[in-house]
file protein-v2.tsv (TSV, C-alpha atoms)
chain	number	residue	atom	x	y	z
A	1	MET	CA	70.23	-2.61	-99.84
A	2	ASP	CA	66.83	-1.52	-100.82
A	3	LYS	CA	64.31	-0.96	-98.07
A	4	HIS	CA	61.38	-3.26	-98.35
A	5	VAL	CA	58.15	-1.44	-98.67
A	6	GLU	CA	54.92	-3.34	-98.34
A	7	ARG	CA	52.53	-2.64	-101.14
A	8	PRO	CA	48.84	-2.72	-100.50
A	9	ASP	CA	48.15	-4.01	-103.97
A	10	ALA	CA	49.88	-7.18	-103.00
A	11	ILE	CA	47.06	-7.69	-100.63
A	12	LYS	CA	43.99	-6.20	-102.34
A	13	PRO	CA	43.21	-5.67	-106.06
A	14	GLU	CA	43.23	-2.10	-107.24
A	15	TRP	CA	39.49	-1.89	-107.61
A	16	ALA	CA	39.08	-2.78	-103.89
A	17	LEU	CA	41.46	-0.08	-102.56
A	18	THR	CA	40.13	2.84	-100.53
A	19	ARG	CA	41.02	6.41	-101.31
A	20	ARG	CA	43.58	6.48	-98.55
A	21	GLU	CA	45.09	3.22	-99.73
A	22	ARG	CA	45.35	4.56	-103.32
A	23	LYS	CA	47.14	7.66	-102.02
A	24	ARG	CA	49.49	5.47	-100.07
A	25	GLN	CA	50.17	3.32	-103.18
A	26	ALA	CA	50.91	6.40	-105.23
A	27	LEU	CA	53.56	7.49	-102.74
A	28	LEU	CA	55.06	4.05	-102.77
A	29	ASP	CA	55.17	4.03	-106.57
A	30	ALA	CA	57.02	7.35	-106.45
A	31	GLY	CA	59.59	5.88	-104.13
A	32	LEU	CA	58.41	7.90	-101.11
A	33	ALA	CA	57.50	6.41	-97.71
A	34	PRO	CA	54.10	7.52	-96.36
A	35	ARG	CA	54.13	9.67	-93.17
A	36	LYS	CA	52.71	8.00	-90.09
A	37	PHE	CA	50.62	9.95	-87.51
A	38	PRO	CA	51.32	8.57	-83.97
A	39	TRP	CA	48.15	7.01	-82.54
A	40	PHE	CA	48.75	8.24	-79.02
A	41	TRP	CA	48.74	11.88	-80.14
A	42	GLY	CA	45.34	11.37	-81.61
A	43	LEU	CA	44.07	9.81	-78.41
A	44	GLY	CA	45.34	12.79	-76.41
A	45	VAL	CA	43.57	15.21	-78.71
A	46	LEU	CA	40.32	13.32	-78.30
A	47	ILE	CA	40.59	13.38	-74.46
A	48	VAL	CA	41.27	17.13	-74.38
A	49	ALA	CA	38.35	17.78	-76.71
A	50	ALA	CA	36.00	15.71	-74.56
A	51	GLY	CA	37.06	17.55	-71.33
A	52	GLY	CA	36.49	20.92	-72.90
A	53	ALA	CA	33.07	19.90	-74.08
A	54	PHE	CA	32.20	18.69	-70.55
A	55	ILE	CA	33.08	22.09	-69.11
A	56	LEU	CA	31.82	24.42	-71.81
A	57	VAL	CA	28.58	22.77	-72.87
A	58	PRO	CA	26.69	23.25	-69.53
A	59	GLN	CA	27.78	26.88	-69.38
A	60	LEU	CA	26.70	27.53	-72.93
A	61	THR	CA	23.35	25.78	-72.55
A	62	ALA	CA	22.45	27.11	-69.04
A	63	PRO	CA	19.89	29.96	-68.91
A	64	GLU	CA	21.08	33.32	-67.80
A	65	ALA	CA	21.10	33.63	-64.02
A	66	ALA	CA	18.69	36.04	-62.48
A	67	THR	CA	19.54	38.52	-59.77
A	68	PRO	CA	21.09	36.74	-56.73
A	69	VAL	CA	18.43	35.84	-54.10
A	70	ALA	CA	19.18	36.09	-50.38
A	71	ALA	CA	19.14	32.81	-48.34
A	72	VAL	CA	15.70	32.05	-46.76
A	73	GLU	CA	15.79	31.67	-42.97
A	74	THR	CA	14.40	28.28	-41.79
A	75	PRO	CA	12.16	28.36	-38.69
A	76	ASP	CA	13.26	26.64	-35.48
A	77	PRO	CA	12.20	22.98	-35.42
A	78	VAL	CA	9.22	21.99	-33.25
A	79	LYS	CA	10.21	19.71	-30.37
A	80	LEU	CA	7.94	16.71	-29.80
A	81	ILE	CA	7.10	15.86	-26.17
A	82	LEU	CA	5.34	12.71	-25.02
A	83	SER	CA	2.12	13.24	-23.09
A	84	ARG	CA	3.54	11.29	-20.13
A	85	ASP	CA	6.10	14.10	-19.68
A	86	VAL	CA	3.41	16.78	-19.51
A	87	THR	CA	1.13	17.62	-16.57
A	88	THR	CA	-2.01	19.74	-16.43
A	89	LEU	CA	-2.52	21.07	-12.91
A	90	GLN	CA	-5.64	20.04	-11.03
A	91	PRO	CA	-6.41	20.29	-7.28
A	92	GLN	CA	-5.61	17.05	-5.51
A	93	THR	CA	-5.54	15.49	-2.07
A	94	ILE	CA	-2.03	14.53	-1.01
A	95	THR	CA	-1.25	12.11	1.78
A	96	GLU	CA	1.93	11.10	3.55
A	97	THR	CA	1.91	7.49	4.68
A	98	LEU	CA	3.99	5.20	6.85
A	99	LYS	CA	4.21	1.49	6.13
A	100	ALA	CA	3.30	-0.91	8.93
A	101	THR	CA	3.02	-4.70	8.96
A	102	GLY	CA	1.72	-7.23	11.43
A	103	SER	CA	-0.68	-10.08	12.11
A	104	LEU	CA	-4.39	-9.71	12.75
A	105	ALA	CA	-6.09	-10.95	15.90
A	106	PRO	CA	-9.66	-10.62	17.23
A	107	ARG	CA	-10.05	-7.67	19.55
A	108	ARG	CA	-11.95	-9.78	22.10
A	109	THR	CA	-11.01	-13.37	22.88
A	110	ILE	CA	-12.10	-15.32	25.92
A	111	ASN	CA	-11.17	-18.78	27.15
A	112	LEU	CA	-14.07	-20.17	29.13
A	113	SER	CA	-13.13	-22.53	31.96
A	114	SER	CA	-15.10	-24.50	34.50
A	115	GLN	CA	-15.62	-23.03	37.97
A	116	VAL	CA	-17.31	-26.06	39.47
A	117	SER	CA	-16.71	-29.76	39.74
A	118	GLY	CA	-19.10	-32.12	38.07
A	119	THR	CA	-20.04	-34.12	35.02
A	120	VAL	CA	-20.66	-32.29	31.74
A	121	ASP	CA	-24.24	-32.88	30.72
A	122	ASP	CA	-24.26	-31.10	27.34
A	123	VAL	CA	-22.15	-28.99	24.94
A	124	HIS	CA	-24.36	-27.00	22.59
A	125	PHE	CA	-21.94	-25.54	20.00
A	126	ARG	CA	-19.03	-26.67	17.88
A	127	VAL	CA	-16.03	-24.90	16.39
A	128	GLY	CA	-17.06	-22.24	13.87
A	129	ASP	CA	-20.60	-21.84	15.20
A	130	ARG	CA	-21.80	-18.31	15.84
A	131	VAL	CA	-23.18	-17.60	19.29
A	132	GLN	CA	-25.13	-14.76	20.82
A	133	ALA	CA	-24.51	-13.22	24.20
A	134	GLY	CA	-26.36	-15.33	26.82
A	135	ASP	CA	-26.47	-18.55	24.78
A	136	VAL	CA	-25.84	-21.66	26.90
A	137	LEU	CA	-22.56	-23.21	25.75
A	138	VAL	CA	-21.83	-25.94	28.31
A	139	GLN	CA	-24.07	-27.43	30.97
A	140	VAL	CA	-22.53	-29.18	33.97
A	141	ASP	CA	-24.63	-31.53	36.12
A	142	ILE	CA	-26.48	-29.41	38.69
A	143	GLU	CA	-28.13	-32.13	40.77
A	144	THR	CA	-25.37	-32.34	43.36
A	145	LEU	CA	-25.00	-28.58	43.41
A	146	GLY	CA	-28.74	-28.20	43.92
A	147	ILE	CA	-28.67	-30.55	46.90
A	148	GLN	CA	-25.80	-28.66	48.45
A	149	LEU	CA	-27.64	-25.38	47.98
A	150	GLN	CA	-30.74	-26.80	49.63
A	151	GLN	CA	-28.70	-27.98	52.61
A	152	GLN	CA	-27.13	-24.57	53.04
A	153	ARG	CA	-30.48	-22.88	52.83
A	154	SER	CA	-32.02	-25.26	55.41
A	155	THR	CA	-29.20	-24.72	57.87
A	156	ALA	CA	-29.49	-21.00	57.44
A	157	GLU	CA	-33.25	-21.13	58.02
A	158	ALA	CA	-32.78	-23.14	61.24
A	159	THR	CA	-30.23	-20.70	62.53
A	160	ARG	CA	-32.46	-17.80	61.59
A	161	ALA	CA	-35.28	-19.37	63.67
A	162	GLN	CA	-32.94	-19.86	66.60
A	163	LEU	CA	-31.87	-16.28	66.36
A	164	ALA	CA	-35.43	-15.06	66.38
A	165	GLN	CA	-36.19	-17.10	69.47
A	166	ALA	CA	-33.06	-15.89	71.22
A	167	GLU	CA	-33.87	-12.27	70.39
A	168	ALA	CA	-37.40	-12.73	71.83
A	169	GLN	CA	-35.96	-14.21	74.99
A	170	VAL	CA	-33.60	-11.24	75.40
A	171	THR	CA	-36.53	-8.89	75.07
A	172	ARG	CA	-38.45	-10.65	77.89
A	173	SER	CA	-35.40	-10.82	80.10
A	174	GLU	CA	-34.80	-7.07	79.67
A	175	ARG	CA	-38.36	-6.33	80.92
A	176	LEU	CA	-37.95	-8.66	83.85
A	177	ASN	CA	-34.56	-7.19	84.64
A	178	ASP	CA	-36.11	-3.76	84.82
A	179	ARG	CA	-38.42	-5.10	87.54
A	180	GLY	CA	-35.52	-6.82	89.30
A	181	LEU	CA	-36.84	-10.27	88.59
A	182	VAL	CA	-33.94	-11.48	86.40
A	183	ALA	CA	-30.31	-11.20	87.24
A	184	SER	CA	-28.11	-9.10	85.00
A	185	ALA	CA	-25.72	-12.02	84.44
A	186	ASN	CA	-28.49	-14.07	82.84
A	187	LEU	CA	-29.40	-11.16	80.59
A	188	ASP	CA	-25.81	-10.76	79.45
A	189	SER	CA	-25.58	-14.48	78.64
A	190	GLU	CA	-28.69	-14.31	76.53
A	191	ARG	CA	-27.40	-11.28	74.64
A	192	ALA	CA	-24.13	-13.09	73.89
A	193	ASN	CA	-26.10	-16.03	72.55
A	194	VAL	CA	-27.99	-13.71	70.19
A	195	ASP	CA	-24.74	-12.22	68.90
A	196	ALA	CA	-23.33	-15.69	68.22
A	197	LEU	CA	-26.43	-16.75	66.36
A	198	ARG	CA	-26.34	-13.63	64.24
A	199	SER	CA	-22.72	-14.28	63.27
A	200	ASN	CA	-23.51	-17.89	62.50
A	201	LEU	CA	-26.46	-16.86	60.37
A	202	ARG	CA	-24.31	-14.46	58.36
A	203	ALA	CA	-21.84	-17.26	57.69
A	204	LEU	CA	-24.60	-19.60	56.64
A	205	GLU	CA	-26.12	-16.99	54.37
A	206	ALA	CA	-22.72	-16.55	52.72
A	207	GLN	CA	-22.56	-20.29	52.15
A	208	VAL	CA	-26.00	-20.17	50.59
A	209	ALA	CA	-24.85	-17.40	48.26
A	210	ALA	CA	-21.77	-19.43	47.32
A	211	ALA	CA	-23.92	-22.45	46.59
A	212	GLU	CA	-26.21	-20.33	44.43
A	213	ILE	CA	-23.18	-18.99	42.48
A	214	ALA	CA	-21.86	-22.51	42.00
A	215	LEU	CA	-25.22	-23.59	40.69
A	216	ARG	CA	-25.26	-20.66	38.23
A	217	ASN	CA	-21.67	-21.37	37.19
A	218	ALA	CA	-22.64	-24.87	36.23
A	219	THR	CA	-24.29	-23.29	33.21
A	220	ILE	CA	-21.64	-21.65	30.98
A	221	VAL	CA	-23.08	-18.94	28.74
A	222	ALA	CA	-21.57	-16.77	26.00
A	223	PRO	CA	-20.41	-13.41	27.40
A	224	PHE	CA	-20.68	-11.66	24.01
A	225	ASP	CA	-21.58	-12.27	20.38
A	226	GLY	CA	-18.85	-14.23	18.66
A	227	VAL	CA	-17.65	-17.44	17.08
A	228	VAL	CA	-16.53	-20.66	18.75
A	229	ALA	CA	-12.79	-20.88	18.12
A	230	SER	CA	-12.07	-24.07	20.08
A	231	ARG	CA	-13.89	-26.73	22.12
A	232	ALA	CA	-12.06	-28.77	24.73
A	233	VAL	CA	-14.88	-30.68	26.44
A	234	GLU	CA	-17.43	-33.32	25.51
A	235	PRO	CA	-20.62	-34.53	27.19
A	236	GLY	CA	-19.98	-37.06	29.96
A	237	GLN	CA	-16.56	-35.66	30.76
A	238	VAL	CA	-15.85	-34.85	34.40
A	239	THR	CA	-14.63	-31.29	34.83
A	240	SER	CA	-13.05	-29.44	37.71
A	241	PRO	CA	-12.50	-25.79	38.57
A	242	GLY	CA	-10.04	-24.20	36.13
A	243	ALA	CA	-10.43	-26.80	33.37
A	244	ASN	CA	-10.58	-25.30	29.86
A	245	LEU	CA	-13.95	-25.69	28.15
A	246	MET	CA	-14.29	-23.43	25.10
A	247	GLN	CA	-12.82	-20.35	23.38
A	248	ILE	CA	-15.01	-17.60	21.96
A	249	VAL	CA	-13.70	-14.81	19.70
A	250	ASP	CA	-15.34	-11.60	18.53
A	251	LEU	CA	-14.48	-11.04	14.83
A	252	SER	CA	-16.46	-7.83	14.41
A	253	VAL	CA	-13.35	-5.79	15.22
A	254	MET	CA	-9.81	-7.00	14.53
A	255	GLU	CA	-6.55	-5.71	15.92
A	256	MET	CA	-3.10	-5.57	14.39
A	257	THR	CA	0.06	-4.90	16.34
A	258	ALA	CA	2.32	-3.23	13.81
A	259	TYR	CA	5.93	-2.22	14.23
A	260	VAL	CA	7.22	1.06	12.82
A	261	PRO	CA	10.65	2.70	13.04
A	262	VAL	CA	11.15	4.57	16.29
A	263	SER	CA	12.26	7.63	14.30
A	264	ALA	CA	8.80	7.84	12.71
A	265	SER	CA	6.85	7.49	15.96
A	266	PRO	CA	6.55	11.28	16.56
A	267	THR	CA	4.35	11.53	13.46
A	268	LEU	CA	1.86	8.99	14.83
A	269	GLN	CA	-1.30	9.88	16.74
A	270	PRO	CA	-4.33	7.89	17.88
A	271	GLY	CA	-7.17	8.09	15.38
A	272	GLN	CA	-5.02	8.30	12.23
A	273	HIS	CA	-6.49	6.47	9.25
A	274	VAL	CA	-4.94	3.19	8.11
A	275	THR	CA	-5.49	1.37	4.81
A	276	LEU	CA	-4.78	-2.37	4.98
A	277	THR	CA	-4.18	-5.08	2.43
A	278	VAL	CA	-4.34	-8.65	3.67
A	279	GLU	CA	-2.67	-11.77	2.35
A	280	GLY	CA	-5.26	-14.23	1.09
A	281	LEU	CA	-7.69	-11.48	0.08
A	282	PRO	CA	-6.17	-10.01	-3.10
A	283	GLY	CA	-7.69	-6.84	-4.47
A	284	ARG	CA	-9.38	-5.99	-1.17
A	285	GLN	CA	-8.65	-3.02	1.06
A	286	PHE	CA	-9.76	-2.57	4.65
A	287	SER	CA	-9.98	0.62	6.68
A	288	GLY	CA	-8.68	0.95	10.20
A	289	ASN	CA	-7.47	3.46	12.74
A	290	VAL	CA	-4.53	3.84	15.07
A	291	ALA	CA	-5.82	2.87	18.52
A	292	GLY	CA	-2.63	3.22	20.56
A	293	ILE	CA	1.10	3.82	20.35
A	294	SER	CA	3.60	2.28	22.71
A	295	PRO	CA	5.78	4.87	24.46
A	296	VAL	CA	8.73	2.47	24.52
A	297	ALA	CA	10.57	0.86	21.61
A	298	THR	CA	10.90	-2.90	21.54
A	299	ALA	CA	14.29	-3.94	22.91
A	300	GLY	CA	16.84	-4.72	20.22
A	301	THR	CA	14.62	-3.82	17.26
A	302	ARG	CA	14.47	0.00	17.19
A	303	THR	CA	10.77	-0.28	16.40
A	304	VAL	CA	7.66	0.90	18.23
A	305	PRO	CA	4.52	-1.27	18.58
A	306	VAL	CA	1.42	0.44	17.20
A	307	LEU	CA	-2.06	-0.97	17.81
A	308	VAL	CA	-4.40	-0.70	14.81
A	309	THR	CA	-8.10	-1.60	14.93
A	310	VAL	CA	-10.00	-2.72	11.82
A	311	ASP	CA	-13.76	-3.07	11.48
A	312	ASN	CA	-14.72	-6.51	10.20
A	313	PRO	CA	-18.52	-6.60	10.01
A	314	GLY	CA	-18.53	-9.26	7.29
A	315	GLY	CA	-16.15	-11.55	9.13
A	316	GLU	CA	-13.77	-11.92	6.14
A	317	LEU	CA	-10.73	-11.28	8.32
A	318	ARG	CA	-9.39	-14.08	10.49
A	319	GLY	CA	-6.96	-14.18	13.34
A	320	GLY	CA	-3.39	-14.81	12.21
A	321	MET	CA	-3.72	-13.21	8.78
A	322	PHE	CA	-0.71	-11.11	7.78
A	323	ALA	CA	-1.55	-7.53	6.84
A	324	THR	CA	0.34	-4.59	5.40
A	325	GLY	CA	-0.93	-1.15	6.29
A	326	GLN	CA	-0.36	2.42	5.20
A	327	ILE	CA	-0.80	4.83	8.10
A	328	VAL	CA	-1.79	8.31	6.94
A	329	THR	CA	0.46	10.62	8.96
A	330	ALA	CA	-0.32	13.84	7.05
A	331	GLU	CA	-2.91	15.00	4.54
A	332	ALA	CA	-3.54	18.13	2.44
A	333	GLU	CA	-6.68	18.77	0.38
A	334	ASN	CA	-7.22	20.94	-2.72
A	335	THR	CA	-3.50	21.30	-3.26
A	336	LEU	CA	-1.52	22.10	-6.40
A	337	ALA	CA	1.52	19.86	-6.70
A	338	VAL	CA	3.92	18.78	-9.42
A	339	PRO	CA	6.46	15.97	-9.78
A	340	PRO	CA	9.87	16.99	-8.38
A	341	ALA	CA	11.41	16.62	-11.88
A	342	ALA	CA	9.24	19.50	-13.12
A	343	ILE	CA	11.00	22.06	-10.91
A	344	ARG	CA	14.23	23.42	-12.37
A	345	GLU	CA	16.88	25.70	-10.93
A	346	ASP	CA	18.94	28.52	-12.37
A	347	ASP	CA	20.62	31.65	-11.06
A	348	ALA	CA	17.26	33.37	-10.73
A	349	GLY	CA	15.71	30.58	-8.64
A	350	ALA	CA	13.20	27.79	-9.04
A	351	PHE	CA	10.99	27.67	-12.13
A	352	VAL	CA	9.01	25.36	-14.40
A	353	LEU	CA	8.62	25.27	-18.16
A	354	LYS	CA	4.99	26.13	-18.85
A	355	ILE	CA	3.50	25.39	-22.25
A	356	VAL	CA	1.66	28.41	-23.65
A	357	ASP	CA	0.31	28.16	-27.22
A	358	GLY	CA	3.01	25.66	-28.14
A	359	ASP	CA	5.88	27.71	-26.68
A	360	LEU	CA	7.92	26.98	-23.57
A	361	VAL	CA	7.75	29.81	-21.03
A	362	ARG	CA	9.91	30.12	-17.93
A	363	GLN	CA	7.52	30.36	-14.97
A	364	PRO	CA	8.96	31.06	-11.48
A	365	VAL	CA	7.38	28.99	-8.68
A	366	GLU	CA	7.60	28.65	-4.90
A	367	ALA	CA	7.56	25.18	-3.32
A	368	SER	CA	6.42	24.60	0.26
A	369	ARG	CA	6.83	20.87	0.92
A	370	ASN	CA	8.06	17.67	-0.65
A	371	TRP	CA	5.65	14.77	-0.15
A	372	ARG	CA	7.91	11.76	-0.21
A	373	ALA	CA	5.29	9.02	-0.36
A	374	ALA	CA	3.20	10.78	-3.02
A	375	ARG	CA	6.35	11.79	-4.96
A	376	VAL	CA	5.15	15.32	-5.56
A	377	THR	CA	6.16	18.82	-4.49
A	378	GLU	CA	3.49	21.13	-3.13
A	379	LEU	CA	3.42	24.64	-4.64
A	380	THR	CA	2.39	27.83	-2.88
A	381	SER	CA	2.53	30.21	-5.85
A	382	GLY	CA	3.44	30.53	-9.51
A	383	LEU	CA	0.86	28.27	-11.16
A	384	ASP	CA	-2.91	28.09	-11.45
A	385	VAL	CA	-5.42	25.34	-12.03
A	386	GLY	CA	-5.36	24.25	-15.68
A	387	ASP	CA	-1.77	25.30	-16.41
A	388	THR	CA	0.17	22.81	-18.52
A	389	LEU	CA	3.86	22.27	-17.87
A	390	VAL	CA	6.72	19.93	-18.63
A	391	SER	CA	6.91	17.42	-15.78
A	392	GLY	CA	9.46	14.97	-17.17
A	393	ARG	CA	13.21	15.19	-16.75
A	394	LEU	CA	14.00	16.56	-20.22
A	395	ASP	CA	17.27	18.46	-19.85
A	396	ASP	CA	17.45	19.53	-23.52
A	397	LEU	CA	14.38	21.79	-23.27
A	398	ARG	CA	14.79	25.53	-22.88
A	399	ALA	CA	12.45	28.48	-22.54
A	400	GLY	CA	11.47	29.86	-25.93
A	401	MET	CA	11.38	26.51	-27.71
A	402	GLN	CA	8.35	25.45	-29.70
A	403	VAL	CA	6.88	22.13	-28.65
A	404	ARG	CA	4.07	19.82	-29.58
A	405	VAL	CA	2.62	17.18	-27.27
A	406	VAL	CA	2.08	13.74	-28.80
A	407	GLU	CA	0.53	10.63	-27.32
A	408	ASN	CA	2.78	8.01	-25.78

call {"tool": "encode", "arguments": {"input": "protein-v2.tsv", "output": "structure tokens"}}
result
Amino acid sequence: MDKHVERPDAIKPEWALTRRERKRQALLDAGLAPRKFPWFWGLGVLIVAAGGAFILVPQLTAPEAATPVAAVETPDPVKLILSRDVTTLQPQTITETLKATGSLAPRRTINLSSQVSGTVDDVHFRVGDRVQAGDVLVQVDIETLGIQLQQQRSTAEATRAQLAQAEAQVTRSERLNDRGLVASANLDSERANVDALRSNLRALEAQVAAAEIALRNATIVAPFDGVVASRAVEPGQVTSPGANLMQIVDLSVMEMTAYVPVSASPTLQPGQHVTLTVEGLPGRQFSGNVAGISPVATAGTRTVPVLVTVDNPGGELRGGMFATGQIVTAEAENTLAVPPAAIREDDAGAFVLKIVDGDLVRQPVEASRNWRAARVTELTSGLDVGDTLVSGRLDDLRAGMQVRVVEN
């Protein structure tokens, strides 16, 4: 059976055939089948050719390499440090303080009470009024007291006259007794009468003095400059000895009884400076001093009462205000100190990282005291005024590094 061979001329006219198609037709006319070239072999050849070109073309087109150059060493990076972690040393005054709290009270307070019986004639001041020493505050009726004083004085004068007469009689009797004209018994009786009159006169004079004091006490005056804190009497009221009349306080100096831990009491001494802040007066500070320290702790509290006095010339402070104080227990002037975080330790001892021309330098230092309240460590040697050092806790820094300080 003849093999069917497709002829291209059955599809296209001869004038439209390509060269390849004419060659194919000639083979078919000769009874020969055209050879077929597998398409996948062609694809493989194309892929191999493309890969070779990808490898060879850059090598062929690249310029000739020059002599190999050694690798350039890169400098160490500069470490940036915030300005808040850097300190420049300057002399400073360091203080150690102890916190103390308490309520304020006027240093001088007096409750004036009546020492006589009588009707109150007048009350000259009200609560909050300022008074001067010697000002009349309350006046009690003095008419009855004046009459009583006059009676006492009259009785004393009569007795004084009787005594004078009796003394004159004794003098005459003594002269007559020397002549033997008066019996000794009469003379002794007259002398006894004189002694009795003298005693009676002394008693009467004491009563006169008491009446004079009562009359003076009917007028109540201010014992010192101050302010009327309370008034418990009104005109027309009948008063008696011991009855409360008025309270006067001196606000020029205030006192605060503060309580501090008993363990801290050895650091306290009279005269130490105290800085106070008071509730109700924000932004204000008041200066005071330690006036006294109790030698005994308050039972059950393990605290020691400390008396603090505060000058109050303007009268801003009032009794009962709550105050918080800082007692200065130690102070050092013109001292070089650094934050505790600035001091580092290694096998060689304590040191700081000082910044010199942008480099970190290990600088040995000697510390003398840690000031807990100020949060600094006092130095005795190793640094000078104007030295700049790392004061923050930056554990990644080492001596020899290059640094640059930048603003926060």

call {"tool": "residues_around", "arguments": {"input": "protein-v2.tsv", "residues": "region 105-121 of chain A", "least_positions_apart": "5", "cutoff": "7 Å", "atoms": "only C-alpha atoms", "output": "list in words"}}
result
Gln139, Val140, Asp141, Ala214, Asn217, Ala218, Pro235, Gly236, Gln237, Val238, Thr239, Ser240, Pro241, Gly242, Ala243, Asn244, Leu245, Met246, Gln247, Ile248, Val249, Asp250, Leu251, Val253, Met254, Glu255, Met256, Gly319 and Gly320 of chain A

call {"tool": "closest_residue", "arguments": {"input": "protein-v2.tsv", "among": "A:Gln169, A:Ser265, A:Val123, A:Gly146", "to": "Arg231 (chain A)", "atoms": "all atoms listed in the file"}}
result
A:Val123

call {"tool": "closest_residue", "arguments": {"input": "protein-v2.tsv", "among": "A:Leu82, A:Ala348, A:Ala264, A:Gln326", "to": "Thr95 (chain A)", "atoms": "only C-alpha atoms"}}
result
A:Gln326

call {"tool": "atom_distance", "arguments": {"input": "protein-v2.tsv", "atom1": "CA of Gln151 (chain A)", "atom2": "CA of Arg202 (chain A)"}}
result
15.3 Å

call {"tool": "residues_near_point", "arguments": {"input": "protein-v2.tsv", "point": "(-17.6, -21.8, 13.8)", "cutoff": "6 Å", "atoms": "only C-alpha atoms", "output": "list in words"}}
result
Val127, Gly128, Asp129, Arg130, Val227 and Val228 of chain A

call {"tool": "residues_around", "arguments": {"input": "protein-v2.tsv", "residues": "region 353-362 of chain A", "least_positions_apart": "3", "cutoff": "10 Å", "atoms": "all atoms listed in the file", "output": "tab-separated table (two decimals) with C-alpha atoms, keeping the file's coordinate frame"}}
result
chain	number	residue	atom	x	y	z
A	78	VAL	CA	9.22	21.99	-33.25
A	79	LYS	CA	10.21	19.71	-30.37
A	86	VAL	CA	3.41	16.78	-19.51
A	87	THR	CA	1.13	17.62	-16.57
A	88	THR	CA	-2.01	19.74	-16.43
A	342	ALA	CA	9.24	19.50	-13.12
A	343	ILE	CA	11.00	22.06	-10.91
A	344	ARG	CA	14.23	23.42	-12.37
A	350	ALA	CA	13.20	27.79	-9.04
A	365	VAL	CA	7.38	28.99	-8.68
A	383	LEU	CA	0.86	28.27	-11.16
A	387	ASP	CA	-1.77	25.30	-16.41
A	388	THR	CA	0.17	22.81	-18.52
A	389	LEU	CA	3.86	22.27	-17.87
A	390	VAL	CA	6.72	19.93	-18.63
A	391	SER	CA	6.91	17.42	-15.78
A	397	LEU	CA	14.38	21.79	-23.27
A	398	ARG	CA	14.79	25.53	-22.88
A	399	ALA	CA	12.45	28.48	-22.54
A	400	GLY	CA	11.47	29.86	-25.93
A	401	MET	CA	11.38	26.51	-27.71
A	402	GLN	CA	8.35	25.45	-29.70
A	403	VAL	CA	6.88	22.13	-28.65
A	404	ARG	CA	4.07	19.82	-29.58
A	405	VAL	CA	2.62	17.18	-27.27

call {"tool": "residues_around", "arguments": {"input": "protein-v2.tsv", "residues": "Asn193 (chain A)", "least_positions_apart": "4", "cutoff": "9 Å", "atoms": "all atoms listed in the file", "output": "VMD selection string"}}
result
chain A and resid 163 166 to 167 188 to 189 197 to 198

call {"tool": "atom_distance", "arguments": {"input": "protein-v2.tsv", "atom1": "CA of Ile94 (chain A)", "atom2": "CA of Pro261 (chain A)"}}
result
22.3 Å
